[in-house]
Amino acid sequence: MDIKKVGLASDHAGFAMKEFVKQYLDEKGIPYHDYGTYSEESTDYPDYGHQLARGIENGDVYPGIAVCATGEGMSMTLNKYQHIRAALCWIPKVAHLTRAHNNANVLVLPGKIIDNDTARAIMDEYFSTDFEGGRHLRRINKIPVDAC
């Protein structure tokens, strides 16, 4: 995977996991930009998901990692954007397949569902898997809403 700078986003329920993700990225020497939130004070996940999606679409960051309690809210928010392919991953195999087959550009983690060891294994798989292209590119090209 070609990493520019990883964009990060979470709500309060994903804050602790996002802090772990930052620690992981620091260990790997991977640069990142944190779009927030910056505490466990109650907040709304779309506020941070929108910032991350815009950062990717503007070319400021690539790829992204987003975290909320289940990962579903962040996934729903991010996937409203034309060029975002956010993938909710709870095991490494899902991370592998969403990179290899879907060229996922945002990894979404369920912060209240998985532990740090699982998150580490998921990120290892996500960052080490390349997009296969071929028939998968044809399918991805059918995703944009203006093609419907």
# chains A, B, ... in the order shown; residues from 1 in each chain; ligands from 1

call {"tool": "residues_around", "arguments": {"residues": "Glu125 (chain A)", "least_positions_apart": "5", "cutoff": "7 Å", "atoms": "only C-alpha atoms", "output": "MDAnalysis selection string"}}
result
chainID A and resid 92 95:96

call {"tool": "select_by_dssp", "arguments": {"residues": "region 60-91 of chain A", "states": "strand (DSSP E)", "output": "VMD selection string"}}
result
chain A and resid 64 to 68 86 to 88

call {"tool": "write_last_selection", "arguments": {"atoms": "all heavy atoms", "output": "PDB file, in the first residue's frame"}}
result
ATOM      1  N   GLY A  64      -7.079   6.173   5.374  1.00  0.00           N
ATOM      2  CA  GLY A  64      -7.643   6.616   6.636  1.00  0.00           C
ATOM      3  C   GLY A  64      -7.964   5.456   7.558  1.00  0.00           C
ATOM      4  O   GLY A  64      -8.127   4.326   7.110  1.00  0.00           O
ATOM      5  N   ILE A  65      -8.041   5.783   8.842  1.00  0.00           N
ATOM      6  CA  ILE A  65      -8.532   4.843   9.851  1.00  0.00           C
ATOM      7  C   ILE A  65      -9.553   5.587  10.692  1.00  0.00           C
ATOM      8  O   ILE A  65      -9.268   6.690  11.190  1.00  0.00           O
ATOM      9  CB  ILE A  65      -7.410   4.290  10.750  1.00  0.00           C
ATOM     10  CG1 ILE A  65      -6.379   3.513   9.924  1.00  0.00           C
ATOM     11  CG2 ILE A  65      -8.001   3.392  11.853  1.00  0.00           C
ATOM     12  CD1 ILE A  65      -5.201   3.002  10.733  1.00  0.00           C
ATOM     13  N   ALA A  66     -10.733   4.999  10.839  1.00  0.00           N
ATOM     14  CA  ALA A  66     -11.796   5.613  11.631  1.00  0.00           C
ATOM     15  C   ALA A  66     -12.272   4.615  12.686  1.00  0.00           C
ATOM     16  O   ALA A  66     -12.262   3.408  12.451  1.00  0.00           O
ATOM     17  CB  ALA A  66     -12.960   6.016  10.734  1.00  0.00           C
ATOM     18  N   VAL A  67     -12.686   5.152  13.839  1.00  0.00           N
ATOM     19  CA  VAL A  67     -13.123   4.301  14.939  1.00  0.00           C
ATOM     20  C   VAL A  67     -14.350   4.917  15.609  1.00  0.00           C
ATOM     21  O   VAL A  67     -14.368   6.113  15.897  1.00  0.00           O
ATOM     22  CB  VAL A  67     -12.014   4.135  16.009  1.00  0.00           C
ATOM     23  CG1 VAL A  67     -12.406   3.046  17.006  1.00  0.00           C
ATOM     24  CG2 VAL A  67     -10.654   3.853  15.399  1.00  0.00           C
ATOM     25  N   CYS A  68     -15.351   4.093  15.838  1.00  0.00           N
ATOM     26  CA  CYS A  68     -16.446   4.442  16.738  1.00  0.00           C
ATOM     27  C   CYS A  68     -16.802   3.160  17.484  1.00  0.00           C
ATOM     28  O   CYS A  68     -16.095   2.159  17.354  1.00  0.00           O
ATOM     29  CB  CYS A  68     -17.627   5.076  16.001  1.00  0.00           C
ATOM     30  SG  CYS A  68     -18.506   4.027  14.837  1.00  0.00           S
ATOM     31  N   ALA A  86     -14.872   2.798   2.586  1.00  0.00           N
ATOM     32  CA  ALA A  86     -14.588   2.501   3.993  1.00  0.00           C
ATOM     33  C   ALA A  86     -15.039   1.083   4.303  1.00  0.00           C
ATOM     34  O   ALA A  86     -16.155   0.694   3.973  1.00  0.00           O
ATOM     35  CB  ALA A  86     -15.314   3.494   4.900  1.00  0.00           C
ATOM     36  N   ALA A  87     -14.147   0.326   4.939  1.00  0.00           N
ATOM     37  CA  ALA A  87     -14.422  -1.077   5.232  1.00  0.00           C
ATOM     38  C   ALA A  87     -14.344  -1.328   6.729  1.00  0.00           C
ATOM     39  O   ALA A  87     -13.305  -1.110   7.350  1.00  0.00           O
ATOM     40  CB  ALA A  87     -13.423  -1.965   4.501  1.00  0.00           C
ATOM     41  N   LEU A  88     -15.444  -1.790   7.296  1.00  0.00           N
ATOM     42  CA  LEU A  88     -15.500  -2.163   8.702  1.00  0.00           C
ATOM     43  C   LEU A  88     -14.846  -3.531   8.858  1.00  0.00           C
ATOM     44  O   LEU A  88     -15.289  -4.514   8.254  1.00  0.00           O
ATOM     45  CB  LEU A  88     -16.959  -2.199   9.177  1.00  0.00           C
ATOM     46  CG  LEU A  88     -17.221  -2.718  10.582  1.00  0.00           C
ATOM     47  CD1 LEU A  88     -16.443  -1.924  11.616  1.00  0.00           C
ATOM     48  CD2 LEU A  88     -18.715  -2.677  10.867  1.00  0.00           C
TER      49      LEU A  88
END

call {"tool": "select_by_dssp", "arguments": {"residues": "chain A", "states": "alpha helix (DSSP H)", "output": "ChimeraX atom specification"}}
result
/A:15-28,45-57,72-78,92-100,116-128,135-140

call {"tool": "residues_around", "arguments": {"residues": "Tyr35 (chain A)", "least_positions_apart": "2", "cutoff": "10 Å", "atoms": "only C-alpha atoms", "output": "JSON, numbers by chain"}}
result
{"A": [7, 8, 9, 10, 32, 33, 37, 38, 47, 48, 49, 50, 51, 52, 55, 66]}

call {"tool": "closest_residue", "arguments": {"among": "A:Ala69, A:Ala121, A:Ile140, A:Ala16", "to": "Ala104 (chain A)", "atoms": "only C-alpha atoms"}}
result
A:Ile140

call {"tool": "residues_around", "arguments": {"residues": "region 1-4 of chain A", "least_positions_apart": "3", "cutoff": "8 Å", "atoms": "only C-alpha atoms", "output": "list in words"}}
result
Pro31, Val61, Tyr62, Pro63, Phe127, Ser128, Thr129, Asp130 and Phe131 of chain A

call {"tool": "write_last_selection", "arguments": {"atoms": "all heavy atoms", "output": "mmCIF file, in the first residue's frame"}}
result
data_model
loop_
_atom_site.group_PDB
_atom_site.id
_atom_site.type_symbol
_atom_site.label_atom_id
_atom_site.label_comp_id
_atom_site.auth_asym_id
_atom_site.auth_seq_id
_atom_site.Cartn_x
_atom_site.Cartn_y
_atom_site.Cartn_z
ATOM 1 N N PRO A 31 3.479 8.334 9.292
ATOM 2 C CA PRO A 31 2.919 9.642 9.657
ATOM 3 C C PRO A 31 1.392 9.617 9.623
ATOM 4 O O PRO A 31 0.786 8.830 8.889
ATOM 5 C CB PRO A 31 3.468 10.578 8.587
ATOM 6 C CG PRO A 31 3.738 9.708 7.410
ATOM 7 C CD PRO A 31 4.108 8.350 7.967
ATOM 8 N N VAL A 61 -4.473 13.363 3.002
ATOM 9 C CA VAL A 61 -4.117 12.114 3.682
ATOM 10 C C VAL A 61 -4.524 10.933 2.806
ATOM 11 O O VAL A 61 -5.413 11.048 1.965
ATOM 12 C CB VAL A 61 -4.792 11.992 5.071
ATOM 13 C CG1 VAL A 61 -4.296 13.060 6.031
ATOM 14 C CG2 VAL A 61 -6.309 12.041 4.959
ATOM 15 N N TYR A 62 -3.843 9.811 3.003
ATOM 16 C CA TYR A 62 -4.208 8.548 2.359
ATOM 17 C C TYR A 62 -3.362 7.456 2.958
ATOM 18 O O TYR A 62 -2.146 7.598 2.989
ATOM 19 C CB TYR A 62 -3.979 8.571 0.843
ATOM 20 C CG TYR A 62 -4.447 7.286 0.201
ATOM 21 C CD1 TYR A 62 -5.748 7.168 -0.241
ATOM 22 C CD2 TYR A 62 -3.603 6.192 0.087
ATOM 23 C CE1 TYR A 62 -6.195 5.966 -0.806
ATOM 24 C CE2 TYR A 62 -4.043 5.004 -0.456
ATOM 25 C CZ TYR A 62 -5.322 4.901 -0.910
ATOM 26 O OH TYR A 62 -5.760 3.724 -1.445
ATOM 27 N N PRO A 63 -3.991 6.401 3.443
ATOM 28 C CA PRO A 63 -5.405 6.102 3.601
ATOM 29 C C PRO A 63 -5.928 6.680 4.911
ATOM 30 O O PRO A 63 -5.272 7.531 5.518
ATOM 31 C CB PRO A 63 -5.412 4.574 3.636
ATOM 32 C CG PRO A 63 -4.134 4.241 4.349
ATOM 33 C CD PRO A 63 -3.150 5.288 3.883
ATOM 34 N N PHE A 127 -2.305 -2.867 6.103
ATOM 35 C CA PHE A 127 -1.176 -2.138 5.525
ATOM 36 C C PHE A 127 -0.274 -3.010 4.660
ATOM 37 O O PHE A 127 0.451 -2.500 3.810
ATOM 38 C CB PHE A 127 -0.356 -1.458 6.624
ATOM 39 C CG PHE A 127 -1.029 -0.255 7.217
ATOM 40 C CD1 PHE A 127 -1.271 -0.192 8.581
ATOM 41 C CD2 PHE A 127 -1.423 0.813 6.435
ATOM 42 C CE1 PHE A 127 -1.887 0.913 9.148
ATOM 43 C CE2 PHE A 127 -2.046 1.922 6.978
ATOM 44 C CZ PHE A 127 -2.279 1.969 8.342
ATOM 45 N N SER A 128 -0.308 -4.307 4.848
ATOM 46 C CA SER A 128 0.579 -5.182 4.073
ATOM 47 C C SER A 128 -0.089 -5.789 2.841
ATOM 48 O O SER A 128 0.549 -6.524 2.087
ATOM 49 C CB SER A 128 1.122 -6.307 4.966
ATOM 50 O OG SER A 128 0.082 -7.178 5.354
ATOM 51 N N THR A 129 -1.356 -5.496 2.614
ATOM 52 C CA THR A 129 -2.088 -6.075 1.492
ATOM 53 C C THR A 129 -2.252 -5.060 0.373
ATOM 54 O O THR A 129 -2.699 -3.939 0.604
ATOM 55 C CB THR A 129 -3.479 -6.577 1.945
ATOM 56 O OG1 THR A 129 -3.308 -7.512 3.014
ATOM 57 C CG2 THR A 129 -4.237 -7.227 0.804
ATOM 58 N N ASP A 130 -1.896 -5.477 -0.820
ATOM 59 C CA ASP A 130 -2.067 -4.629 -2.001
ATOM 60 C C ASP A 130 -3.359 -4.978 -2.729
ATOM 61 O O ASP A 130 -3.849 -6.110 -2.658
ATOM 62 C CB ASP A 130 -0.886 -4.806 -2.962
ATOM 63 C CG ASP A 130 0.401 -4.232 -2.408
ATOM 64 O OD1 ASP A 130 0.343 -3.156 -1.777
ATOM 65 O OD2 ASP A 130 1.458 -4.852 -2.606
ATOM 66 N N PHE A 131 -3.872 -4.014 -3.454
ATOM 67 C CA PHE A 131 -5.055 -4.211 -4.289
ATOM 68 C C PHE A 131 -4.683 -5.105 -5.470
ATOM 69 O O PHE A 131 -3.668 -4.900 -6.127
ATOM 70 C CB PHE A 131 -5.568 -2.851 -4.767
ATOM 71 C CG PHE A 131 -6.736 -2.915 -5.694
ATOM 72 C CD1 PHE A 131 -7.876 -3.631 -5.366
ATOM 73 C CD2 PHE A 131 -6.714 -2.238 -6.902
ATOM 74 C CE1 PHE A 131 -8.967 -3.685 -6.221
ATOM 75 C CE2 PHE A 131 -7.795 -2.274 -7.758
ATOM 76 C CZ PHE A 131 -8.920 -2.993 -7.423
#

call {"tool": "atom_distance", "arguments": {"atom1": "CA of Met123 (chain A)", "atom2": "CA of Asn105 (chain A)"}}
result
12.6 Å

call {"tool": "closest_residue", "arguments": {"among": "A:Leu25, A:Met74, A:Leu137, A:Ile143", "to": "Pro110 (chain A)", "atoms": "only C-alpha atoms"}}
result
A:Met74

call {"tool": "atom_distance", "arguments": {"atom1": "CA of Gly111 (chain A)", "atom2": "CA of Gly59 (chain A)"}}
result
26.1 Å

call {"tool": "closest_residue", "arguments": {"among": "A:Glu40, A:Glu72, A:Asp11, A:Glu19", "to": "Cys89 (chain A)", "atoms": "only C-alpha atoms"}}
result
A:Glu72

call {"tool": "closest_residue", "arguments": {"among": "A:Arg138, A:Gln23, A:Lys5, A:Arg120", "to": "Ile56 (chain A)", "atoms": "only C-alpha atoms"}}
result
A:Lys5

call {"tool": "atom_distance", "arguments": {"atom1": "CA of Tyr24 (chain A)", "atom2": "CA of Ser39 (chain A)"}}
result
18.5 Å

call {"tool": "closest_residue", "arguments": {"among": "A:Arg99, A:Arg85, A:His12, A:Lys22", "to": "Glu41 (chain A)", "atoms": "only C-alpha atoms"}}
result
A:His12

call {"tool": "closest_residue", "arguments": {"among": "A:Ile30, A:Val21, A:Ala53, A:Leu109", "to": "Thr77 (chain A)", "atoms": "only C-alpha atoms"}}
result
A:Ala53
